[in-house]
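What follows is a set of notes on a single structure, which appears directly below.
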Amino acid sequence: MASDTQNRASRRPKGRQIGYARVSTDEQATQPQEMELRAAGCDAIVEEHGSGASRARPALSRLLREIGAGDTLVVVRLDRLARSVSHLLEVIEYLAAKGAHFRSLRDPIDTTTPQGMFSLQVLGAVAQLERTLISERTKAGIRAAKAKGKLPGNPGVRERRPEALAKMTAAQKASYGARIQTTINQWLPTVRRMRPNHTWDDIARVLKQRGLDWTPERLRRAVKWLVGEHMADPALLRKSPPRLPEDRLMTLVAGMHVSNPELTLRELGSQLERLHERTPRGGSKWSPSSVKNLIDRARRSGLIGDEGTNTPSEG
């Protein structure tokens, strides 16, 4: 038994062990969880006070944004992280995409071991079965209600009762916040770099080139929600200053370059053509020299900082 424990420890990733301790109210203490997490070898512990039913948890969102490849998120029990299998699988899938791992001390879930991955696959199958059963029960209930001459749905919502409408609104907000947080690392860094000096239209175009389908209004709404939850700087919502057409092109090219420094001048020009952007002289074809002039201007004006000091090659 001792040798088996030692073997499991030796197979554990070399990254950080980051503990997450959550309690539902401010009156409760996270100390018991912290002691257990430290005993398990956690290098750092993130505390959170908030209901498990809510996915709007700033501390957890920040932890997921900052966790790195090889790191492991550790909890004492699964219910400290999620109250539903679907939410748990979303978090683990997000960690896997970043090359990070997950471990629950009191449950057989440890994505660094074959046994833990098997347990995770079982959970996934249970979640799929649960979704199928819920769907079948819902359809059966609707058919039965129609057969009795009843309208499907929540009577309180149909009758516009304030308490029912308030519950529906709260549920919609929670669902929206959960969807926002699952993709936040894909687009928020670009928004932070470009706002408020760039318009929402420019940022949406940059994100579209990276395969992210955002409209300016949806993007602004998502950032507004994050600001309301104290997860983003209110300065991101400031009005963009008016810019001359060439200034707008400069900021657009700067954002594209910083988002993907590996693109060559010719590739940047091709992206601008796909966006139907005209050159400063009104042409439809972009030359590498025109792109380079805009990047040089952006560097002199401070739009391109340390993360984008290398000038792209012509390609």
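Starting from 1 in every chain, residues are counted up; chains themselves are A, B, ... following the order of the structure tokens, and ligands are numbered from 1 as listed.
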
Task: alpha helix (DSSP H) positions in segment 40-242 of chain A, given as a count of residues only - done: 115

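The shell of residues at most 9 Å from Val253 of chain A, with only C-alpha atoms counted and near chain neighbours (fewer than 6 positions) removed, consists of Val206, Leu268, Leu272, Val291, Leu294, Ile295 and Ala298 of chain A.
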
Open item on the list: Taking 2 positions as the minimum chain separation for residues in the same chain, which residues sit within 8 Å of Gly255 of chain A when counting only C-alpha atoms? Answer as a list in words.
Closed with: Thr190, Arg193, Met194, Ile203, Val206, Thr251, Leu252, Val253, His257, Val258 and Ser259 of chain A

For the selection just defined, write its residues with all heavy atoms to a file, as a CSV table (one decimal), in the first residue's frame.
chain,number,residue,atom,x,y,z
A,190,THR,N,-7.9,39.9,-25.2
A,190,THR,CA,-7.9,40.8,-26.4
A,190,THR,C,-8.6,42.0,-26.1
A,190,THR,O,-8.2,43.2,-26.4
A,190,THR,CB,-8.5,40.1,-27.6
A,190,THR,OG1,-7.7,38.9,-27.9
A,190,THR,CG2,-8.5,41.0,-28.8
A,193,ARG,N,-6.6,44.4,-24.0
A,193,ARG,CA,-5.5,45.0,-24.7
A,193,ARG,C,-6.1,46.2,-25.5
A,193,ARG,O,-5.4,47.2,-25.7
A,193,ARG,CB,-4.8,44.0,-25.6
A,193,ARG,CG,-3.7,43.3,-24.9
A,193,ARG,CD,-2.8,42.6,-26.0
A,193,ARG,NE,-3.5,41.7,-26.8
A,193,ARG,CZ,-3.7,40.4,-26.6
A,193,ARG,NH1,-3.1,39.9,-25.5
A,193,ARG,NH2,-4.3,39.7,-27.4
A,194,MET,N,-7.2,46.0,-26.1
A,194,MET,CA,-7.7,47.0,-27.1
A,194,MET,C,-8.7,48.0,-26.6
A,194,MET,O,-8.8,49.1,-27.2
A,194,MET,CB,-8.4,46.2,-28.2
A,194,MET,CG,-7.4,45.3,-29.0
A,194,MET,SD,-8.2,44.4,-30.4
A,194,MET,CE,-8.4,45.8,-31.5
A,203,ILE,N,-12.7,45.2,-32.3
A,203,ILE,CA,-12.4,44.1,-31.5
A,203,ILE,C,-13.1,42.8,-32.0
A,203,ILE,O,-12.5,41.7,-32.1
A,203,ILE,CB,-12.7,44.3,-30.0
A,203,ILE,CG1,-11.9,45.6,-29.5
A,203,ILE,CG2,-12.4,43.1,-29.2
A,203,ILE,CD1,-12.3,46.0,-28.1
A,206,VAL,N,-11.3,41.5,-35.0
A,206,VAL,CA,-10.0,40.8,-34.6
A,206,VAL,C,-10.4,39.4,-34.1
A,206,VAL,O,-9.7,38.4,-34.4
A,206,VAL,CB,-9.2,41.6,-33.5
A,206,VAL,CG1,-8.1,40.8,-33.0
A,206,VAL,CG2,-8.7,42.9,-34.1
A,251,THR,N,-5.0,51.0,-35.3
A,251,THR,CA,-5.3,50.2,-34.1
A,251,THR,C,-5.8,48.8,-34.4
A,251,THR,O,-5.6,47.9,-33.6
A,251,THR,CB,-6.4,51.0,-33.3
A,251,THR,OG1,-7.6,51.2,-34.1
A,251,THR,CG2,-5.9,52.3,-32.8
A,252,LEU,N,-6.5,48.7,-35.5
A,252,LEU,CA,-7.0,47.3,-35.9
A,252,LEU,C,-5.8,46.4,-36.2
A,252,LEU,O,-5.7,45.3,-35.8
A,252,LEU,CB,-7.9,47.5,-37.2
A,252,LEU,CG,-8.4,46.2,-37.8
A,252,LEU,CD1,-9.2,45.4,-36.7
A,252,LEU,CD2,-9.3,46.4,-39.0
A,253,VAL,N,-4.8,46.9,-37.0
A,253,VAL,CA,-3.7,46.1,-37.4
A,253,VAL,C,-2.8,45.8,-36.1
A,253,VAL,O,-2.3,44.7,-35.9
A,253,VAL,CB,-2.8,46.8,-38.4
A,253,VAL,CG1,-1.5,46.1,-38.6
A,253,VAL,CG2,-3.5,46.9,-39.7
A,257,HIS,N,-2.0,42.1,-34.7
A,257,HIS,CA,-0.6,41.6,-34.5
A,257,HIS,C,-0.3,41.2,-33.1
A,257,HIS,O,0.3,40.1,-32.9
A,257,HIS,CB,0.4,42.8,-34.9
A,257,HIS,CG,1.8,42.5,-34.5
A,257,HIS,ND1,2.5,41.4,-35.0
A,257,HIS,CD2,2.7,43.3,-33.8
A,257,HIS,CE1,3.7,41.5,-34.5
A,257,HIS,NE2,3.8,42.6,-33.7
A,258,VAL,N,-0.8,41.9,-32.1
A,258,VAL,CA,-0.6,41.5,-30.7
A,258,VAL,C,-1.3,40.2,-30.4
A,258,VAL,O,-0.8,39.4,-29.7
A,258,VAL,CB,-1.1,42.7,-29.8
A,258,VAL,CG1,-1.0,42.2,-28.3
A,258,VAL,CG2,-0.2,43.9,-30.0
A,259,SER,N,-2.5,40.0,-31.0
A,259,SER,CA,-3.3,38.8,-30.8
A,259,SER,C,-2.6,37.6,-31.3
A,259,SER,O,-2.7,36.5,-30.8
A,259,SER,CB,-4.7,38.9,-31.4
A,259,SER,OG,-5.4,39.9,-30.8

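The environment of Pro32 of chain A within 12 Å, counting only C-alpha atoms and disregarding residues fewer than 2 places along the same chain, consists of Ala21, Arg22, Val23, Gln28, Ala29, Thr30, Glu34, Met35, Glu36, Leu37, Arg38, Ala39, Glu47, Val75 and Val76 of chain A.
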
Task: Residue nearest Thr25 of chain A among A:Val91, A:Thr132, A:Glu163, A:Gly50 (counting only C-alpha atoms) - done: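 The closest residue to Thr25 of chain A is A:Gly50.
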